[in-house]
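Below is data-v7.cif, which holds mmCIF, N, CA and C atoms.
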```cif
data_data
loop_
_atom_site.group_PDB
_atom_site.id
_atom_site.type_symbol
_atom_site.label_atom_id
_atom_site.label_comp_id
_atom_site.auth_asym_id
_atom_site.auth_seq_id
_atom_site.Cartn_x
_atom_site.Cartn_y
_atom_site.Cartn_z
ATOM 1 N N GLY A 1 -51.263 11.738 59.532
ATOM 2 C CA GLY A 1 -51.885 10.554 60.021
ATOM 3 C C GLY A 1 -51.873 9.443 58.980
ATOM 4 N N GLN A 2 -52.733 8.506 59.207
ATOM 5 C CA GLN A 2 -52.798 7.324 58.344
ATOM 6 C C GLN A 2 -53.249 7.663 56.931
ATOM 7 N N VAL A 3 -54.151 8.641 56.805
ATOM 8 C CA VAL A 3 -54.647 9.010 55.468
ATOM 9 C C VAL A 3 -53.515 9.598 54.637
ATOM 10 N N ARG A 4 -52.758 10.487 55.240
ATOM 11 C CA ARG A 4 -51.638 11.104 54.499
ATOM 12 C C ARG A 4 -50.559 10.074 54.172
ATOM 13 N N ASP A 5 -50.353 9.114 55.060
ATOM 14 C CA ASP A 5 -49.399 8.035 54.795
ATOM 15 C C ASP A 5 -49.875 7.194 53.615
ATOM 16 N N ALA A 6 -51.169 6.873 53.602
ATOM 17 C CA ALA A 6 -51.731 6.097 52.487
ATOM 18 C C ALA A 6 -51.616 6.880 51.191
ATOM 19 N N GLU A 7 -51.897 8.174 51.254
ATOM 20 C CA GLU A 7 -51.784 9.027 50.063
ATOM 21 C C GLU A 7 -50.354 8.996 49.527
ATOM 22 N N SER A 8 -49.383 9.108 50.416
ATOM 23 C CA SER A 8 -47.978 9.104 50.017
ATOM 24 C C SER A 8 -47.593 7.782 49.354
ATOM 25 N N ARG A 9 -48.027 6.688 49.941
ATOM 26 C CA ARG A 9 -47.700 5.366 49.375
ATOM 27 C C ARG A 9 -48.377 5.150 48.019
ATOM 28 N N LEU A 10 -49.599 5.639 47.898
ATOM 29 C CA LEU A 10 -50.295 5.494 46.617
ATOM 30 C C LEU A 10 -49.650 6.357 45.544
ATOM 31 N N LYS A 11 -49.170 7.521 45.910
ATOM 32 C CA LYS A 11 -48.448 8.360 44.946
ATOM 33 C C LYS A 11 -47.201 7.634 44.448
ATOM 34 N N GLU A 12 -46.504 6.974 45.373
ATOM 35 C CA GLU A 12 -45.326 6.204 44.981
ATOM 36 C C GLU A 12 -45.714 5.073 44.032
ATOM 37 N N ALA A 13 -46.803 4.383 44.348
ATOM 38 C CA ALA A 13 -47.269 3.284 43.492
ATOM 39 C C ALA A 13 -47.607 3.804 42.104
ATOM 40 N N LEU A 14 -48.226 4.982 42.031
ATOM 41 C CA LEU A 14 -48.589 5.541 40.728
ATOM 42 C C LEU A 14 -47.378 6.040 39.951
ATOM 43 N N GLN A 15 -46.325 6.417 40.650
ATOM 44 C CA GLN A 15 -45.089 6.775 39.948
ATOM 45 C C GLN A 15 -44.493 5.550 39.277
ATOM 46 N N LEU A 16 -44.594 4.402 39.952
ATOM 47 C CA LEU A 16 -44.070 3.156 39.395
ATOM 48 C C LEU A 16 -44.977 2.610 38.296
ATOM 49 N N ASP A 17 -46.281 2.784 38.472
ATOM 50 C CA ASP A 17 -47.251 2.268 37.501
ATOM 51 C C ASP A 17 -48.404 3.252 37.373
ATOM 52 N N PRO A 18 -48.279 4.231 36.461
ATOM 53 C CA PRO A 18 -49.316 5.248 36.304
ATOM 54 C C PRO A 18 -50.679 4.696 35.879
ATOM 55 N N ASN A 19 -50.716 3.470 35.407
ATOM 56 C CA ASN A 19 -51.975 2.858 34.958
ATOM 57 C C ASN A 19 -52.603 1.957 36.015
ATOM 58 N N ASN A 20 -52.130 2.031 37.246
ATOM 59 C CA ASN A 20 -52.656 1.205 38.323
ATOM 60 C C ASN A 20 -54.033 1.736 38.732
ATOM 61 N N LEU A 21 -55.073 1.114 38.202
ATOM 62 C CA LEU A 21 -56.433 1.603 38.425
ATOM 63 C C LEU A 21 -56.874 1.460 39.868
ATOM 64 N N HIS A 22 -56.409 0.427 40.539
ATOM 65 C CA HIS A 22 -56.751 0.272 41.954
ATOM 66 C C HIS A 22 -56.193 1.448 42.764
ATOM 67 N N ALA A 23 -54.968 1.848 42.469
ATOM 68 C CA ALA A 23 -54.366 2.987 43.169
ATOM 69 C C ALA A 23 -55.132 4.270 42.852
ATOM 70 N N HIS A 24 -55.515 4.454 41.595
ATOM 71 C CA HIS A 24 -56.293 5.642 41.224
ATOM 72 C C HIS A 24 -57.636 5.654 41.949
ATOM 73 N N ARG A 25 -58.289 4.508 42.002
ATOM 74 C CA ARG A 25 -59.591 4.418 42.677
ATOM 75 C C ARG A 25 -59.449 4.748 44.163
ATOM 76 N N THR A 26 -58.410 4.215 44.781
ATOM 77 C CA THR A 26 -58.192 4.461 46.199
ATOM 78 C C THR A 26 -57.827 5.924 46.455
ATOM 79 N N MET A 27 -57.021 6.504 45.581
ATOM 80 C CA MET A 27 -56.688 7.923 45.708
ATOM 81 C C MET A 27 -57.951 8.773 45.590
ATOM 82 N N ALA A 28 -58.851 8.401 44.691
ATOM 83 C CA ALA A 28 -60.102 9.141 44.539
ATOM 84 C C ALA A 28 -60.897 9.124 45.841
ATOM 85 N N VAL A 29 -60.954 7.973 46.494
ATOM 86 C CA VAL A 29 -61.677 7.859 47.764
ATOM 87 C C VAL A 29 -61.039 8.749 48.824
ATOM 88 N N ILE A 30 -59.723 8.717 48.900
ATOM 89 C CA ILE A 30 -59.012 9.536 49.884
ATOM 90 C C ILE A 30 -59.301 11.014 49.637
ATOM 91 N N TYR A 31 -59.165 11.446 48.387
ATOM 92 C CA TYR A 31 -59.377 12.856 48.084
ATOM 93 C C TYR A 31 -60.829 13.268 48.295
ATOM 94 N N TYR A 32 -61.766 12.370 47.984
ATOM 95 C CA TYR A 32 -63.179 12.668 48.233
ATOM 96 C C TYR A 32 -63.399 12.897 49.722
ATOM 97 N N ASP A 33 -62.852 12.013 50.546
ATOM 98 C CA ASP A 33 -63.002 12.129 51.995
ATOM 99 C C ASP A 33 -62.344 13.399 52.538
ATOM 100 N N LEU A 34 -61.263 13.839 51.890
ATOM 101 C CA LEU A 34 -60.572 15.057 52.315
ATOM 102 C C LEU A 34 -61.225 16.324 51.761
ATOM 103 N N GLY A 35 -62.198 16.142 50.860
ATOM 104 C CA GLY A 35 -62.843 17.298 50.242
ATOM 105 C C GLY A 35 -62.047 17.899 49.100
ATOM 106 N N ALA A 36 -61.047 17.167 48.617
ATOM 107 C CA ALA A 36 -60.216 17.619 47.499
ATOM 108 C C ALA A 36 -60.863 17.123 46.208
ATOM 109 N N ILE A 37 -61.937 17.794 45.816
ATOM 110 C CA ILE A 37 -62.798 17.313 44.746
ATOM 111 C C ILE A 37 -62.089 17.275 43.393
ATOM 112 N N GLU A 38 -61.282 18.272 43.079
ATOM 113 C CA GLU A 38 -60.597 18.273 41.781
ATOM 114 C C GLU A 38 -59.644 17.093 41.652
ATOM 115 N N GLN A 39 -58.913 16.795 42.720
ATOM 116 C CA GLN A 39 -57.999 15.656 42.693
ATOM 117 C C GLN A 39 -58.791 14.348 42.609
ATOM 118 N N CYS A 40 -59.886 14.274 43.344
ATOM 119 C CA CYS A 40 -60.745 13.094 43.294
ATOM 120 C C CYS A 40 -61.231 12.868 41.873
ATOM 121 N N GLU A 41 -61.727 13.934 41.255
ATOM 122 C CA GLU A 41 -62.249 13.842 39.889
ATOM 123 C C GLU A 41 -61.170 13.377 38.915
ATOM 124 N N SER A 42 -59.969 13.886 39.064
ATOM 125 C CA SER A 42 -58.871 13.503 38.186
ATOM 126 C C SER A 42 -58.612 12.000 38.245
ATOM 127 N N HIS A 43 -58.598 11.440 39.440
ATOM 128 C CA HIS A 43 -58.334 10.004 39.588
ATOM 129 C C HIS A 43 -59.521 9.169 39.100
ATOM 130 N N LEU A 44 -60.738 9.645 39.329
ATOM 131 C CA LEU A 44 -61.908 8.913 38.824
ATOM 132 C C LEU A 44 -61.923 8.895 37.303
ATOM 133 N N LEU A 45 -61.519 9.990 36.687
ATOM 134 C CA LEU A 45 -61.446 10.026 35.218
ATOM 135 C C LEU A 45 -60.410 9.033 34.700
ATOM 136 N N GLN A 46 -59.317 8.867 35.432
ATOM 137 C CA GLN A 46 -58.302 7.876 35.050
ATOM 138 C C GLN A 46 -58.892 6.470 35.107
ATOM 139 N N VAL A 47 -59.669 6.197 36.153
ATOM 140 C CA VAL A 47 -60.293 4.878 36.288
ATOM 141 C C VAL A 47 -61.289 4.650 35.160
ATOM 142 N N ALA A 48 -62.129 5.648 34.896
ATOM 143 C CA ALA A 48 -63.141 5.517 33.843
ATOM 144 C C ALA A 48 -62.504 5.299 32.471
ATOM 145 N N ALA A 49 -61.413 5.992 32.216
ATOM 146 C CA ALA A 49 -60.726 5.849 30.925
ATOM 147 C C ALA A 49 -59.979 4.527 30.837
ATOM 148 N N GLY A 50 -59.458 4.063 31.953
ATOM 149 C CA GLY A 50 -58.631 2.860 31.943
ATOM 150 C C GLY A 50 -59.400 1.557 31.947
ATOM 151 N N ASP A 51 -60.650 1.596 32.381
ATOM 152 C CA ASP A 51 -61.459 0.370 32.450
ATOM 153 C C ASP A 51 -62.836 0.652 31.863
ATOM 154 N N PRO A 52 -63.035 0.274 30.602
ATOM 155 C CA PRO A 52 -64.315 0.566 29.945
ATOM 156 C C PRO A 52 -65.511 -0.175 30.551
ATOM 157 N N ASN A 53 -65.268 -1.108 31.448
ATOM 158 C CA ASN A 53 -66.362 -1.815 32.112
ATOM 159 C C ASN A 53 -66.709 -1.217 33.476
ATOM 160 N N ASP A 54 -65.890 -0.298 33.952
ATOM 161 C CA ASP A 54 -66.111 0.280 35.274
ATOM 162 C C ASP A 54 -67.150 1.395 35.171
ATOM 163 N N TYR A 55 -68.294 1.181 35.764
ATOM 164 C CA TYR A 55 -69.350 2.186 35.773
ATOM 165 C C TYR A 55 -69.349 3.000 37.069
ATOM 166 N N ARG A 56 -68.735 2.451 38.103
ATOM 167 C CA ARG A 56 -68.796 3.096 39.419
ATOM 168 C C ARG A 56 -68.116 4.452 39.438
ATOM 169 N N ALA A 57 -66.974 4.572 38.749
ATOM 170 C CA ALA A 57 -66.276 5.853 38.708
ATOM 171 C C ALA A 57 -67.159 6.912 38.051
ATOM 172 N N LEU A 58 -67.835 6.536 36.989
ATOM 173 C CA LEU A 58 -68.712 7.487 36.307
ATOM 174 C C LEU A 58 -69.937 7.835 37.140
ATOM 175 N N ARG A 59 -70.445 6.875 37.891
ATOM 176 C CA ARG A 59 -71.587 7.153 38.763
ATOM 177 C C ARG A 59 -71.193 8.191 39.811
ATOM 178 N N LEU A 60 -70.008 8.023 40.418
ATOM 179 C CA LEU A 60 -69.562 8.987 41.415
ATOM 180 C C LEU A 60 -69.258 10.341 40.777
ATOM 181 N N LEU A 61 -68.666 10.332 39.596
ATOM 182 C CA LEU A 61 -68.423 11.591 38.891
ATOM 183 C C LEU A 61 -69.739 12.312 38.598
ATOM 184 N N GLY A 62 -70.757 11.560 38.183
ATOM 185 C CA GLY A 62 -72.064 12.149 37.928
ATOM 186 C C GLY A 62 -72.667 12.724 39.188
ATOM 187 N N LEU A 63 -72.564 11.978 40.274
ATOM 188 C CA LEU A 63 -73.102 12.438 41.558
ATOM 189 C C LEU A 63 -72.399 13.718 42.017
ATOM 190 N N MET A 64 -71.084 13.737 41.915
ATOM 191 C CA MET A 64 -70.333 14.923 42.322
ATOM 192 C C MET A 64 -70.706 16.118 41.460
ATOM 193 N N SER A 65 -70.830 15.907 40.160
ATOM 194 C CA SER A 65 -71.206 16.997 39.261
ATOM 195 C C SER A 65 -72.598 17.526 39.616
ATOM 196 N N LYS A 66 -73.507 16.615 39.905
ATOM 197 C CA LYS A 66 -74.867 17.024 40.278
ATOM 198 C C LYS A 66 -74.855 17.814 41.584
ATOM 199 N N GLU A 67 -74.086 17.350 42.556
ATOM 200 C CA GLU A 67 -74.008 18.043 43.848
ATOM 201 C C GLU A 67 -73.537 19.485 43.693
ATOM 202 N N PHE A 68 -72.657 19.721 42.734
ATOM 203 C CA PHE A 68 -72.138 21.068 42.501
ATOM 204 C C PHE A 68 -72.912 21.800 41.404
ATOM 205 N N GLU A 69 -74.089 21.238 41.068
ATOM 206 C CA GLU A 69 -74.978 21.807 40.058
ATOM 207 C C GLU A 69 -74.298 22.011 38.712
ATOM 208 N N ASN A 70 -73.371 21.132 38.399
ATOM 209 C CA ASN A 70 -72.697 21.127 37.101
ATOM 210 C C ASN A 70 -73.389 20.074 36.230
ATOM 211 N N TYR A 71 -74.593 20.403 35.796
ATOM 212 C CA TYR A 71 -75.425 19.439 35.080
ATOM 213 C C TYR A 71 -74.879 19.120 33.688
ATOM 214 N N ALA A 72 -74.133 20.045 33.113
ATOM 215 C CA ALA A 72 -73.548 19.796 31.790
ATOM 216 C C ALA A 72 -72.572 18.623 31.833
ATOM 217 N N ASP A 73 -71.910 18.406 32.962
ATOM 218 C CA ASP A 73 -71.025 17.250 33.129
ATOM 219 C C ASP A 73 -71.777 16.061 33.715
ATOM 220 N N ALA A 74 -72.739 16.319 34.581
ATOM 221 C CA ALA A 74 -73.447 15.229 35.262
ATOM 222 C C ALA A 74 -74.196 14.342 34.279
ATOM 223 N N VAL A 75 -74.908 14.940 33.349
ATOM 224 C CA VAL A 75 -75.756 14.161 32.430
ATOM 225 C C VAL A 75 -74.939 13.174 31.599
ATOM 226 N N PRO A 76 -73.881 13.606 30.885
ATOM 227 C CA PRO A 76 -73.135 12.625 30.091
ATOM 228 C C PRO A 76 -72.428 11.568 30.945
ATOM 229 N N ARG A 77 -72.057 11.924 32.147
ATOM 230 C CA ARG A 77 -71.409 10.948 33.026
ATOM 231 C C ARG A 77 -72.407 9.879 33.452
ATOM 232 N N TYR A 78 -73.609 10.299 33.807
ATOM 233 C CA TYR A 78 -74.649 9.322 34.140
ATOM 234 C C TYR A 78 -75.032 8.487 32.920
ATOM 235 N N GLN A 79 -75.100 9.118 31.751
ATOM 236 C CA GLN A 79 -75.438 8.370 30.536
ATOM 237 C C GLN A 79 -74.401 7.293 30.252
ATOM 238 N N GLU A 80 -73.131 7.644 30.341
ATOM 239 C CA GLU A 80 -72.070 6.656 30.094
ATOM 240 C C GLU A 80 -72.095 5.569 31.161
ATOM 241 N N CYS A 81 -72.397 5.944 32.387
ATOM 242 C CA CYS A 81 -72.529 4.963 33.470
ATOM 243 C C CYS A 81 -73.606 3.939 33.119
ATOM 244 N N LEU A 82 -74.742 4.419 32.640
ATOM 245 C CA LEU A 82 -75.844 3.503 32.287
ATOM 246 C C LEU A 82 -75.490 2.642 31.073
ATOM 247 N N LEU A 83 -74.732 3.179 30.134
ATOM 248 C CA LEU A 83 -74.295 2.372 28.993
ATOM 249 C C LEU A 83 -73.387 1.228 29.447
ATOM 250 N N ARG A 84 -72.562 1.497 30.434
ATOM 251 C CA ARG A 84 -71.640 0.492 30.936
ATOM 252 C C ARG A 84 -72.327 -0.524 31.851
ATOM 253 N N ASN A 85 -73.421 -0.110 32.473
ATOM 254 C CA ASN A 85 -74.125 -0.984 33.407
ATOM 255 C C ASN A 85 -75.629 -0.745 33.286
ATOM 256 N N PRO A 86 -76.225 -1.245 32.198
ATOM 257 C CA PRO A 86 -77.649 -1.000 31.992
ATOM 258 C C PRO A 86 -78.508 -1.649 33.072
ATOM 259 N N PRO A 87 -79.651 -1.032 33.379
ATOM 260 C CA PRO A 87 -80.548 -1.629 34.370
ATOM 261 C C PRO A 87 -80.997 -3.019 33.924
ATOM 262 N N LYS A 88 -81.142 -3.898 34.896
ATOM 263 C CA LYS A 88 -81.631 -5.252 34.604
ATOM 264 C C LYS A 88 -83.149 -5.184 34.483
ATOM 265 N N GLU A 89 -83.669 -5.825 33.448
ATOM 266 C CA GLU A 89 -85.119 -5.794 33.252
ATOM 267 C C GLU A 89 -85.746 -7.082 33.713
#
```

Could you write out this structure as structure tokens?
Amino acid sequence: GQVRDAESRLKEALQLDPNNLHAHRTMAVIYYDLGAIEQCESHLLQVAAGDPNDYRALRLLGLMSKEFENYADAVPRYQECLLRNPPKE
């Protein structure tokens, strides 16, 4: 269907430009929706590493880690998320 077509096109885009953060972010969304958590996590880590101002990827990584009771990963991911986007006082 359309999701698999989008996945295929994004894979092609990433072959041409492995640092395309928009493609990585979109792939993460697709894999999250498909329940392919390891693939989702891999693309979110690429986004987090590629854009030091992006806190959203880390927030989702923290949430996913918490959902799977992987608190050892959840805590540092949430901490880095807050460092990148501190609460407004």

Taking every listed atom of segment 33-52 of chain A and adding 6 Å to each side, what centre and edge lengths in Å (one decimal) does the axis-aligned box have, as AutoDock Vina command-line options?
```
--center_x -61.8 --center_y 9.0 --center_z 41.2 --size_x 19.5 --size_y 30.4 --size_z 34.6
```

> For Leu10 of chain A, which of A:Ala36, A:Gly50, A:His43, A:Phe68 is the closest residue, counting only C-alpha atoms?
Replying inline: A:His43

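Contact shell of Ile30 of chain A at 10 Å (only C-alpha atoms; same-chain neighbours under 4 positions omitted): Val3, Arg4, Ala6, Glu7, His24, Arg25, Thr26, Leu34, Gly35, Ala36, Gln39 and Cys40 of chain A.
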
Atoms to include: N, CA and C atoms. Write the selected residues as a PDB file, keeping the file's coordinate frame.
```pdb
ATOM      1  N   VAL A   3     -54.151   8.641  56.805  1.00  0.00           N
ATOM      2  CA  VAL A   3     -54.647   9.010  55.468  1.00  0.00           C
ATOM      3  C   VAL A   3     -53.515   9.598  54.637  1.00  0.00           C
ATOM      4  N   ARG A   4     -52.758  10.487  55.240  1.00  0.00           N
ATOM      5  CA  ARG A   4     -51.638  11.104  54.499  1.00  0.00           C
ATOM      6  C   ARG A   4     -50.559  10.074  54.172  1.00  0.00           C
ATOM      7  N   ALA A   6     -51.169   6.873  53.602  1.00  0.00           N
ATOM      8  CA  ALA A   6     -51.731   6.097  52.487  1.00  0.00           C
ATOM      9  C   ALA A   6     -51.616   6.880  51.191  1.00  0.00           C
ATOM     10  N   GLU A   7     -51.897   8.174  51.254  1.00  0.00           N
ATOM     11  CA  GLU A   7     -51.784   9.027  50.063  1.00  0.00           C
ATOM     12  C   GLU A   7     -50.354   8.996  49.527  1.00  0.00           C
ATOM     13  N   HIS A  24     -55.515   4.454  41.595  1.00  0.00           N
ATOM     14  CA  HIS A  24     -56.293   5.642  41.224  1.00  0.00           C
ATOM     15  C   HIS A  24     -57.636   5.654  41.949  1.00  0.00           C
ATOM     16  N   ARG A  25     -58.289   4.508  42.002  1.00  0.00           N
ATOM     17  CA  ARG A  25     -59.591   4.418  42.677  1.00  0.00           C
ATOM     18  C   ARG A  25     -59.449   4.748  44.163  1.00  0.00           C
ATOM     19  N   THR A  26     -58.410   4.215  44.781  1.00  0.00           N
ATOM     20  CA  THR A  26     -58.192   4.461  46.199  1.00  0.00           C
ATOM     21  C   THR A  26     -57.827   5.924  46.455  1.00  0.00           C
ATOM     22  N   LEU A  34     -61.263  13.839  51.890  1.00  0.00           N
ATOM     23  CA  LEU A  34     -60.572  15.057  52.315  1.00  0.00           C
ATOM     24  C   LEU A  34     -61.225  16.324  51.761  1.00  0.00           C
ATOM     25  N   GLY A  35     -62.198  16.142  50.860  1.00  0.00           N
ATOM     26  CA  GLY A  35     -62.843  17.298  50.242  1.00  0.00           C
ATOM     27  C   GLY A  35     -62.047  17.899  49.100  1.00  0.00           C
ATOM     28  N   ALA A  36     -61.047  17.167  48.617  1.00  0.00           N
ATOM     29  CA  ALA A  36     -60.216  17.619  47.499  1.00  0.00           C
ATOM     30  C   ALA A  36     -60.863  17.123  46.208  1.00  0.00           C
ATOM     31  N   GLN A  39     -58.913  16.795  42.720  1.00  0.00           N
ATOM     32  CA  GLN A  39     -57.999  15.656  42.693  1.00  0.00           C
ATOM     33  C   GLN A  39     -58.791  14.348  42.609  1.00  0.00           C
ATOM     34  N   CYS A  40     -59.886  14.274  43.344  1.00  0.00           N
ATOM     35  CA  CYS A  40     -60.745  13.094  43.294  1.00  0.00           C
ATOM     36  C   CYS A  40     -61.231  12.868  41.873  1.00  0.00           C
TER      37      CYS A  40
END
```

>> Can you measure atom N of Asp54 of chain A to atom C of Glu80 of chain A for me? One decimal in Å is fine.
In response: 9.0 Å

>> Expand the PyMOL selection byres ((chain A and resi 78) around 7) into the explicit residue set it covers here, and present it as a VMD selection string.
In response: chain A and resid 58 to 59 61 to 63 73 to 77 79 to 83
